[in-house]
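Raw my_file_15.txt, compact mmCIF, C-alpha atoms:
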# COMPACT_ATOMS: atom_id res chain seq x y z
CA MET A 912 101.25 51.36 133.19
CA PRO A 913 98.12 51.16 131.02
CA GLY A 914 96.31 54.38 130.15
CA LEU A 915 99.34 56.64 130.20
CA PRO A 916 101.08 57.90 127.03
CA LYS A 917 104.41 56.32 126.31
CA VAL A 918 107.38 58.48 127.25
CA PRO A 919 110.46 58.17 125.03
CA ALA A 920 113.39 56.44 126.71
CA LEU A 921 115.95 58.89 128.07
CA ASN A 922 118.92 56.57 127.88
CA LYS A 923 119.37 56.83 124.11
CA THR A 924 122.76 56.46 122.51
CA LYS A 925 124.49 59.53 121.07
CA THR A 926 123.75 58.36 117.50
CA ASP A 927 120.04 58.06 118.31
CA GLN A 928 120.03 61.55 119.83
CA MET A 929 121.74 63.01 116.75
CA ALA A 930 119.22 61.29 114.49
CA LEU A 931 116.39 62.76 116.56
CA ILE A 932 117.85 66.28 116.35
CA GLU A 933 118.34 65.93 112.61
CA LYS A 934 114.76 64.69 112.21
CA ASN A 935 113.38 67.63 114.18
CA ALA A 936 115.49 70.04 112.17
CA ASN A 937 114.04 68.62 108.96
CA LEU A 938 110.56 68.89 110.45
CA ASP A 939 111.18 72.57 111.29
CA ALA A 940 112.39 73.20 107.78
CA SER A 941 109.31 71.63 106.25
CA ILE A 942 106.84 73.34 108.57
CA GLY A 943 108.24 76.70 109.56
CA LEU A 944 110.41 77.92 106.72
CA SER A 945 108.01 79.09 104.11
CA GLU A 946 109.00 80.06 100.59
CA ALA A 947 105.76 81.99 100.17
CA ASN A 948 106.24 85.62 99.28
CA ALA A 949 103.86 88.56 99.51
CA SER A 950 102.36 87.86 96.08
CA ASP A 951 101.13 84.45 97.32
CA TYR A 952 99.21 86.18 100.09
CA ILE A 953 97.80 88.63 97.56
CA ALA A 954 96.71 85.66 95.40
CA LEU A 955 94.75 84.34 98.41
CA LEU A 956 92.61 87.48 98.23
CA LYS A 957 91.40 86.59 94.69
CA PRO A 958 92.32 90.02 93.27
CA ARG A 959 90.21 89.67 90.11
CA VAL A 960 87.04 88.91 92.07
CA MET A 961 88.02 91.64 94.51
CA SER A 962 88.26 94.22 91.73
CA LEU A 963 84.67 93.56 90.61
CA VAL A 964 83.50 93.67 94.23
CA VAL A 965 85.26 96.99 94.82
CA PHE A 966 83.84 98.40 91.60
CA THR A 967 80.21 97.40 92.32
CA GLY A 968 80.57 98.55 95.95
CA PHE A 969 81.83 101.91 94.73
CA VAL A 970 78.91 102.24 92.29
CA GLY A 971 76.47 101.45 95.13
CA MET A 972 78.12 104.17 97.20
CA MET A 973 77.98 106.75 94.40
CA ALA A 974 74.37 105.88 93.49
CA ALA A 975 73.20 106.41 97.07
CA PRO A 976 71.50 109.69 97.92
CA GLY A 977 73.30 111.83 100.47
CA GLN A 978 76.91 112.54 101.15
CA ILE A 979 79.80 110.80 102.84
CA ASN A 980 83.16 112.22 103.85
CA PRO A 981 85.58 111.22 101.03
CA VAL A 982 88.09 109.80 103.53
CA LEU A 983 85.39 107.67 105.16
CA ALA A 984 84.22 106.62 101.68
CA ALA A 985 87.77 105.48 100.84
CA ILE A 986 87.93 103.56 104.14
CA ALA A 987 84.60 101.92 103.36
CA ILE A 988 85.85 100.80 99.93
CA LEU A 989 89.09 99.52 101.48
CA CYS A 990 87.12 97.53 104.07
CA ILE A 991 84.84 96.06 101.38
CA ALA A 992 87.95 95.07 99.38
CA VAL A 993 89.71 93.51 102.38
CA GLY A 994 86.52 91.76 103.50
CA ALA A 995 86.04 90.31 100.00
CA GLY A 996 89.68 89.21 99.98
CA ALA A 997 89.29 87.61 103.41
CA SER A 998 86.31 85.57 102.25
CA GLY A 999 88.37 84.49 99.21
CA ALA A 1000 91.16 83.32 101.54
CA LEU A 1001 88.68 81.41 103.73
CA ASN A 1002 87.28 79.81 100.57
CA MET A 1003 90.79 78.69 99.55
CA TRP A 1004 91.44 77.37 103.06
CA TYR A 1005 88.34 75.17 103.01
CA ASP A 1006 88.49 74.15 99.36
CA ALA A 1007 92.22 73.29 99.24
CA ASP A 1008 91.42 69.61 98.61
CA ILE A 1009 89.25 70.24 95.55
CA ASP A 1010 91.45 73.11 94.34
CA ALA A 1011 94.30 70.60 94.06
CA ILE A 1012 92.19 68.39 91.78
CA MET A 1013 90.88 71.10 89.44
CA LYS A 1014 93.19 72.35 86.68
CA ARG A 1015 91.89 75.94 86.99
CA THR A 1016 92.77 76.14 90.71
CA SER A 1017 95.66 73.72 91.14
CA LYS A 1018 98.29 76.48 91.09
CA ARG A 1019 96.73 78.36 94.02
CA PRO A 1020 99.11 78.87 96.99
CA ILE A 1021 97.81 76.00 99.18
CA PRO A 1022 97.62 73.20 96.58
CA ALA A 1023 100.96 74.39 95.17
CA GLY A 1024 102.41 73.88 98.67
CA ARG A 1025 103.61 77.45 99.20
CA ILE A 1026 101.35 78.28 102.17
CA SER A 1027 99.87 75.95 104.79
CA ARG A 1028 96.12 75.73 105.40
CA GLY A 1029 96.53 76.92 108.99
CA GLU A 1030 98.28 80.09 107.88
CA VAL A 1031 95.54 80.81 105.36
CA LEU A 1032 92.80 80.28 107.95
CA THR A 1033 94.51 82.71 110.35
CA PHE A 1034 95.06 85.20 107.53
CA GLY A 1035 91.41 85.02 106.43
CA LEU A 1036 89.99 85.32 109.95
CA LEU A 1037 92.27 88.24 110.85
CA LEU A 1038 91.42 90.18 107.70
CA SER A 1039 87.70 89.49 108.23
CA ALA A 1040 87.84 90.83 111.77
CA PHE A 1041 89.90 93.90 110.82
CA SER A 1042 87.70 94.84 107.86
CA VAL A 1043 84.40 94.47 109.75
CA VAL A 1044 85.58 96.26 112.91
CA THR A 1045 87.17 99.11 110.94
CA LEU A 1046 84.03 99.58 108.83
CA GLY A 1047 81.87 99.56 111.97
CA LEU A 1048 84.06 102.06 113.83
CA PHE A 1049 84.60 104.53 111.01
CA VAL A 1050 81.50 104.26 108.82
CA ASN A 1051 78.41 102.69 110.39
CA LEU A 1052 77.22 99.50 112.04
CA LEU A 1053 74.75 98.53 109.29
CA SER A 1054 77.42 98.42 106.58
CA ALA A 1055 79.74 96.51 108.97
CA PHE A 1056 76.96 94.01 109.68
CA LEU A 1057 76.31 93.56 105.95
CA LEU A 1058 80.03 93.02 105.31
CA ALA A 1059 80.25 90.46 108.14
CA PHE A 1060 77.16 88.70 106.79
CA THR A 1061 78.66 88.67 103.27
CA ILE A 1062 81.88 87.05 104.53
CA PHE A 1063 79.88 84.53 106.57
CA PHE A 1064 77.59 83.80 103.62
CA TYR A 1065 80.46 83.19 101.22
CA ALA A 1066 82.71 81.23 103.57
CA VAL A 1067 80.14 79.19 105.50
CA ILE A 1068 76.83 79.05 103.59
CA TYR A 1069 78.34 78.82 100.10
CA THR A 1070 81.80 77.28 100.52
CA MET A 1071 81.24 74.90 103.42
CA TRP A 1072 77.61 73.96 102.83
CA LEU A 1073 76.12 74.60 99.39
CA LYS A 1074 79.07 74.17 97.04
CA ARG A 1075 79.50 70.43 97.65
CA SER A 1076 75.87 69.56 98.33
CA THR A 1077 73.55 71.02 95.68
CA PRO A 1078 73.57 72.10 92.02
CA GLN A 1079 71.78 75.24 93.22
CA ASN A 1080 75.06 76.19 94.98
CA ILE A 1081 75.80 79.28 92.92
CA VAL A 1082 72.14 80.34 92.68
CA ILE A 1083 71.97 80.88 96.46
CA GLY A 1084 75.70 81.48 96.92
CA GLY A 1085 75.53 84.24 94.31
CA ALA A 1086 74.07 86.46 97.02
CA ALA A 1087 77.55 86.81 98.54
CA GLY A 1088 78.86 88.50 95.40
CA ALA A 1089 75.74 90.65 95.14
CA PHE A 1090 75.97 92.33 98.54
CA PRO A 1091 78.83 94.85 97.86
CA PRO A 1092 76.67 97.56 96.16
CA MET A 1093 74.26 97.21 99.06
CA ILE A 1094 77.16 97.69 101.52
CA GLY A 1095 78.31 100.76 99.57
CA TRP A 1096 74.77 102.15 99.64
CA ALA A 1097 74.45 101.44 103.39
CA ALA A 1098 77.80 103.15 104.05
CA VAL A 1099 76.30 106.42 102.77
CA THR A 1100 72.66 106.19 103.87
CA ASN A 1101 72.85 103.82 106.86
CA SER A 1102 69.84 102.04 105.36
CA VAL A 1103 68.80 99.36 102.89
CA SER A 1104 66.36 100.64 100.29
CA MET A 1105 64.61 99.28 97.19
CA GLU A 1106 67.26 100.88 94.98
CA SER A 1107 70.06 98.99 96.71
CA ILE A 1108 68.01 95.78 96.51
CA VAL A 1109 67.75 96.28 92.73
CA LEU A 1110 71.55 96.70 92.50
CA PHE A 1111 71.81 93.49 94.53
CA LEU A 1112 69.32 91.67 92.27
CA ILE A 1113 71.19 92.53 89.07
CA ILE A 1114 74.30 90.69 90.32
CA PHE A 1115 72.32 87.95 92.08
CA LEU A 1116 70.38 87.00 88.93
CA TRP A 1117 73.45 87.44 86.71
CA THR A 1118 75.51 84.90 88.71
CA PRO A 1119 73.78 81.63 87.61
CA PRO A 1120 74.06 82.21 83.83
CA HIS A 1121 77.63 83.47 84.30
CA PHE A 1122 78.83 80.44 86.30
CA TRP A 1123 76.79 77.87 84.42
CA ALA A 1124 78.30 79.10 81.13
CA LEU A 1125 81.71 78.51 82.73
CA SER A 1126 80.71 75.11 84.08
CA LEU A 1127 79.50 74.00 80.63
CA PHE A 1128 83.06 74.09 79.31
CA MET A 1129 84.74 73.18 82.61
CA SER A 1130 82.40 70.33 83.55
CA ASP A 1131 85.18 67.71 83.44
CA ASP A 1132 87.10 69.64 86.06
CA TYR A 1133 84.04 69.92 88.32
CA GLU A 1134 83.26 66.22 87.73
CA LYS A 1135 86.79 65.24 88.83
CA ALA A 1136 86.44 67.29 92.00
CA LYS A 1137 82.92 65.87 92.58
CA ILE A 1138 81.33 69.32 92.78
CA PRO A 1139 77.65 69.04 91.86
CA MET A 1140 77.53 71.80 89.26
CA MET A 1141 74.36 71.97 87.17
CA PRO A 1142 75.78 70.36 83.96
CA ASN A 1143 77.13 67.40 85.97
CA VAL A 1144 73.85 66.83 87.83
CA ALA A 1145 71.03 67.91 85.50
CA GLY A 1146 72.95 67.58 82.22
CA PRO A 1147 74.02 70.23 79.70
CA ALA A 1148 70.60 70.45 77.99
CA SER A 1149 68.81 71.43 81.21
CA THR A 1150 71.67 73.79 82.16
CA LYS A 1151 71.46 75.60 78.83
CA LEU A 1152 67.71 76.08 79.27
CA GLN A 1153 68.17 77.40 82.82
CA ILE A 1154 70.89 79.78 81.60
CA PHE A 1155 68.40 81.19 79.12
CA LEU A 1156 65.63 81.47 81.74
CA TYR A 1157 67.87 83.32 84.20
CA THR A 1158 69.00 85.64 81.42
CA LEU A 1159 65.31 86.35 80.74
CA LEU A 1160 65.09 87.50 84.37
CA VAL A 1161 68.31 89.52 84.58
CA ALA A 1162 67.77 91.47 81.34
CA PRO A 1163 64.62 93.35 82.55
CA VAL A 1164 65.97 93.69 86.11
CA GLY A 1165 69.01 95.43 84.59
CA VAL A 1166 66.66 98.13 83.27
CA LEU A 1167 64.95 98.70 86.67
CA PRO A 1168 67.36 101.46 87.85
CA TRP A 1169 66.06 103.62 84.96
CA ILE A 1170 62.40 102.67 85.55
CA MET A 1171 62.76 103.42 89.28
CA GLY A 1172 64.32 106.78 88.51
CA PHE A 1173 67.77 106.48 90.03
CA ALA A 1174 69.38 106.10 86.61
CA GLY A 1175 68.76 108.18 83.51
CA PRO A 1176 67.58 107.30 79.98
CA GLY A 1177 71.15 106.84 78.77
CA TYR A 1178 71.60 103.99 81.22
CA GLY A 1179 68.10 102.68 80.42
CA LEU A 1180 68.71 102.43 76.69
CA PHE A 1181 72.15 100.90 77.25
CA ALA A 1182 70.70 98.31 79.68
CA ILE A 1183 67.99 97.39 77.14
CA ALA A 1184 70.59 96.95 74.36
CA MET A 1185 72.94 94.94 76.59
CA GLY A 1186 70.05 92.84 77.93
CA CYS A 1187 69.04 91.96 74.35
CA ALA A 1188 72.65 91.04 73.50
CA PHE A 1189 72.92 88.93 76.67
CA LEU A 1190 69.66 87.18 75.77
CA ALA A 1191 70.88 86.55 72.21
CA SER A 1192 74.08 85.06 73.61
CA ALA A 1193 72.11 82.81 76.00
CA PHE A 1194 69.79 81.81 73.16
CA THR A 1195 72.77 80.76 71.03
CA VAL A 1196 74.04 78.61 73.89
CA TRP A 1197 70.59 77.11 74.43
CA ARG A 1198 70.14 76.21 70.75
CA ALA A 1199 73.66 74.82 70.30
CA PRO A 1200 73.71 71.00 70.16
CA VAL A 1201 75.05 69.25 73.26
CA GLY A 1202 78.70 68.32 72.80
CA ASP A 1203 81.78 70.11 71.55
CA ALA A 1204 79.67 72.48 69.43
CA MET A 1205 78.26 74.17 72.53
CA LEU A 1206 81.68 74.94 74.03
CA LYS A 1207 82.44 77.91 71.80
CA PRO A 1208 79.12 79.76 72.41
CA ALA A 1209 79.40 78.93 76.14
CA LYS A 1210 82.89 80.47 76.28
CA LYS A 1211 81.65 83.50 74.35
CA MET A 1212 78.71 83.90 76.69
CA PHE A 1213 80.95 83.60 79.77
CA ALA A 1214 83.18 86.39 78.47
CA PHE A 1215 80.19 88.51 77.47
CA SER A 1216 78.54 88.06 80.87
CA ILE A 1217 81.56 89.71 82.54
CA PHE A 1218 81.40 92.58 80.06
CA TYR A 1219 77.61 92.85 80.58
CA LEU A 1220 77.82 93.34 84.34
CA PHE A 1221 80.88 95.56 84.24
CA SER A 1222 79.51 97.81 81.49
CA LEU A 1223 76.08 98.14 83.11
CA TYR A 1224 77.62 99.32 86.36
CA ALA A 1225 80.17 101.49 84.50
CA VAL A 1226 77.46 103.31 82.54
CA LEU A 1227 75.44 103.78 85.73
CA LEU A 1228 78.53 105.20 87.44
CA GLY A 1229 79.33 107.46 84.48
CA GLU A 1230 75.81 108.85 84.48
CA ILE A 1231 75.87 109.47 88.23
CA LEU A 1232 79.24 111.25 87.99
CA VAL A 1233 78.02 113.46 85.14
CA ARG A 1234 74.85 114.30 87.11
CA LYS A 1235 76.91 115.15 90.23
CA ALA A 1236 79.30 117.27 88.16
CA PHE A 1237 76.34 119.26 86.77
CA LEU A 1238 74.96 119.71 90.30
CA VAL A 1239 78.32 121.01 91.53
CA ALA A 1240 78.55 123.35 88.54
CA GLY A 1241 75.02 124.56 89.34
CA VAL A 1242 73.66 123.74 85.88
CA MET B 5 120.43 75.35 113.70
CA VAL B 6 118.43 75.82 110.53
CA THR B 7 120.01 77.72 107.66
CA LEU B 8 117.72 79.58 105.28
CA THR B 9 118.19 79.09 101.57
CA ASP B 10 118.43 82.17 99.35
CA LYS B 11 114.88 81.61 98.15
CA GLN B 12 113.60 81.38 101.72
CA LYS B 13 115.50 84.54 102.68
CA ARG B 14 114.02 86.45 99.74
CA ALA B 15 110.53 85.18 100.58
CA GLN B 16 110.95 86.14 104.23
CA ARG B 17 112.11 89.64 103.26
CA SER B 18 109.15 90.02 100.90
CA ARG B 19 106.69 88.92 103.62
CA SER B 20 108.28 91.20 106.22
CA LEU B 21 108.12 94.19 103.88
CA ALA B 22 104.47 93.49 103.00
CA LEU B 23 103.55 93.13 106.67
CA ALA B 24 105.34 96.38 107.55
CA LEU B 25 103.53 98.20 104.73
CA ALA B 26 100.16 96.73 105.78
CA LEU B 27 100.70 97.79 109.41
CA ALA B 28 101.79 101.28 108.35
CA ALA B 29 98.73 101.54 106.10
CA PHE B 30 96.49 100.48 108.98
CA VAL B 31 98.00 103.15 111.23
CA VAL B 32 97.39 105.77 108.53
CA VAL B 33 93.80 104.54 108.04
CA VAL B 34 93.08 104.79 111.78
CA TYR B 35 94.72 108.22 112.08
CA VAL B 36 93.11 109.78 109.00
CA GLY B 37 89.80 108.02 109.66
CA THR B 38 89.66 109.34 113.22
CA TRP B 39 90.19 112.93 112.05
CA ALA B 40 87.59 112.48 109.29
CA LYS B 41 85.10 111.00 111.76
CA ILE B 42 85.65 113.82 114.24
CA GLY B 43 85.26 116.34 111.42
CA ALA B 44 82.08 114.67 110.14
CA ASN B 45 80.52 114.60 113.65
CA HIS B 46 81.56 118.20 114.31
CA SER B 47 80.08 119.52 111.05
CA SER B 48 76.80 117.64 111.61
CA GLN B 49 76.50 119.18 115.10
CA THR B 50 77.26 122.71 113.91
CA ALA B 51 75.13 122.60 110.76
CA PRO B 52 72.61 125.47 110.67
CA VAL B 53 69.09 124.44 111.66
CA THR B 54 66.48 125.71 109.22
CA ARG B 55 63.34 126.89 110.94
CA PRO B 56 59.93 126.74 109.24
CA ALA B 57 58.70 130.12 108.05
CA GLN B 58 56.16 131.69 110.40
With the file now loaded, output its structure as structure tokens.
Amino acid sequence: MPGLPKVPALNKTKTDQMALIEKNANLDASIGLSEANASDYIALLKPRVMSLVVFTGFVGMMAAPGQINPVLAAIAILCIAVGAGASGALNMWYDADIDAIMKRTSKRPIPAGRISRGEVLTFGLLLSAFSVVTLGLFVNLLSAFLLAFTIFFYAVIYTMWLKRSTPQNIVIGGAAGAFPPMIGWAAVTNSVSMESIVLFLIIFLWTPPHFWALSLFMSDDYEKAKIPMMPNVAGPASTKLQIFLYTLLVAPVGVLPWIMGFAGPGYGLFAIAMGCAFLASAFTVWRAPVGDAMLKPAKKMFAFSIFYLFSLYAVLLGEILVRKAFLVAGV
Amino acid sequence: MVTLTDKQKRAQRSRSLALALALAAFVVVVYVGTWAKIGANHSSQTAPVTRPAQ
């Protein structure tokens, strides 16, 4: 009868039936019996990215005026960490095809065949929901909204839309990594203020030079995966210039916390020194001739950019902690 | 009947343990968080109100 799906014949021989059972058993083994262990699920959370997110979120929380119950503060940090991990898992779910092509990402759990895409999608969505709802219930709705928006921004706006369509992908997508200090600030104050926007801007403007330095020496990988990173689209010369221009922006913005008064002179002087060093590093990359000679300064700049952001936030945190300790001591 | 290999058994045990720990941690978070939230609300309601000097 046309239009109806074909039903398998019921009068199969015993050998056929055995073959069918064996085939289904093999199918079960390949689908259901995972060899993934807990560490594979932890890898889906991108722990290294998560650690920076947790750190900047914590600094945002400590820099905020006002007080928060320490238990609720710990829950807020946990939710930020889990939310960041969830967005990392969703990124790996969507990007599994290009992760398999790129050398840097080919050993991730999905391309390595240890976890299926469906499992990762479920894992990412569940963690997203748990982190946002928990933050909303225990801390406040604004910080929960910001966390939900961050996950959405990273998974949908950056991963699904921008990453494969424009060389400005990480310029706009960098916002996702810049939100955590703002979430930490909102967890304490239930507001978004200029100070938290400055903390956001430092990471937002730092992201392009950081990732473009990486893409200068990983451009072959990005080319293979057909990701339109700046060096592959505009060429290394233009990328190097843009790295320098963004560094010109981030260096003074890094000093703003001191100028605005929520960081002290110690931080201010440190931010000026680090900004100059970051600029010098970007200048070296810019002036290096296109080709193999630029790889070494690009690698150096990539490593320094991580140190720059981490140390800026660490000094800010140190200063805040010292100030709070003096306040408690009544000095 | 599907028989698990040793590697699959180890992986299953590792996943089960991690899931149990995650669930236990979530229970602790909800319990401790609820008490902290109640405490925070209570202290904000009972905080002394400062009146302007007359």
How close does each residue of chain A get to chain B, giving the shortest atom pair and distance in Å to one decimal for every residue with an atom at most 10 Å away, counting only C-alpha atoms, sorted by chain and residue number, as a Markdown table?
| residue | atom | partner | partner_atom | distance |
| --- | --- | --- | --- | --- |
| A:Ile932 | CA | B:Met5 | CA | 9.8 |
| A:Glu933 | CA | B:Met5 | CA | 9.7 |
| A:Ala936 | CA | B:Val6 | CA | 6.7 |
| A:Asn937 | CA | B:Val6 | CA | 8.6 |
| A:Asp939 | CA | B:Val6 | CA | 8.0 |
| A:Ala940 | CA | B:Val6 | CA | 7.1 |
| A:Leu944 | CA | B:Gln12 | CA | 6.9 |
| A:Ser945 | CA | B:Gln12 | CA | 6.5 |
| A:Glu946 | CA | B:Gln12 | CA | 4.9 |
| A:Ala947 | CA | B:Ala15 | CA | 5.8 |
| A:Asn948 | CA | B:Ala15 | CA | 4.5 |
| A:Ala949 | CA | B:Arg19 | CA | 5.0 |
| A:Ser950 | CA | B:Ser18 | CA | 8.6 |
| A:Asp951 | CA | B:Arg19 | CA | 9.5 |
| A:Tyr952 | CA | B:Arg19 | CA | 8.7 |
| A:Ile953 | CA | B:Ala22 | CA | 9.9 |
| A:Ile979 | CA | B:Ala44 | CA | 8.6 |
| A:Asn980 | CA | B:Ala44 | CA | 6.8 |
| A:Pro981 | CA | B:Ala40 | CA | 8.6 |
| A:Val982 | CA | B:Ala40 | CA | 6.4 |
| A:Leu983 | CA | B:Gly37 | CA | 6.3 |
| A:Ala984 | CA | B:Gly37 | CA | 9.8 |
| A:Ala985 | CA | B:Gly37 | CA | 9.4 |
| A:Ile986 | CA | B:Val33 | CA | 7.1 |
| A:Leu989 | CA | B:Val33 | CA | 9.5 |
| A:Phe1041 | CA | B:Phe30 | CA | 9.5 |
| A:Thr1045 | CA | B:Val34 | CA | 8.2 |
| A:Leu1048 | CA | B:Thr38 | CA | 9.2 |
| A:Phe1049 | CA | B:Gly37 | CA | 6.4 |
| A:Val1050 | CA | B:Lys41 | CA | 8.2 |
In Å, rounded to a single decimal, give me how far atom CA of Ala1066 of chain A is from atom CA of Ala1011 of chain A.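 Computed distance, atom CA of Ala1011 of chain A to atom CA of Ala1066 of chain A, equals 18.4 Å.
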What is the distance between atom CA of Met1205 of chain A and atom CA of Leu1116 of chain A, in Å to one decimal?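 It comes out at 22.3 Å.
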What does the structure give for the distance between atom CA of Met1093 of chain A and atom CA of Gly968 of chain A, in Å to one decimal?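 Calculated distance between atom CA of Met1093 of chain A and atom CA of Gly968 of chain A is 7.2 Å.
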Of the candidates A:Pro958, A:Gly1146, A:Pro1119, A:Gly977, which one gets nearest to Ala1086 of chain A if we count only C-alpha atoms?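 Nearest candidate to Ala1086 of chain A out of A:Pro958, A:Gly1146, A:Pro1119, A:Gly977: A:Pro1119.
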So which residues touch segment 1231-1239 of chain A within 9 Å, counting only C-alpha atoms, skipping near sequence neighbours fewer than 6 positions away, as a count of residues only? 6
Counting all atoms listed in the file, which of A:Thr1070, A:Thr1016, A:Asn1051, A:Ser962 gets nearest to Ser1102 of chain A?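 With all atoms listed in the file as the atom set, the closest residue is A:Asn1051.
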Please provide as a ChimeraX atom specification all residues within 7 Å of Ala1098 of chain A, with the sequence filter that same-chain residues fewer than 3 positions apart are discarded (counting only C-alpha atoms). /A:972,987,1050-1051,1054,1094-1095,1101
With distances taken over all atoms listed in the file, which residue among A:Val1067, A:Val1031, A:Ala1089, A:Met1141 lies nearest Trp1123 of chain A?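 Among the listed residues, the smallest separation from Trp1123 of chain A belongs to A:Met1141.
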So for segment 1101-1115 of chain A, what box centre and size do we get, axis-aligned, 4 Å extra on each of the six sides, every listed atom, Å to one decimal, as JSON?
{"center_x": 69.5, "center_y": 95.9, "center_z": 98.0, "size_x": 17.7, "size_y": 23.9, "size_z": 25.8}
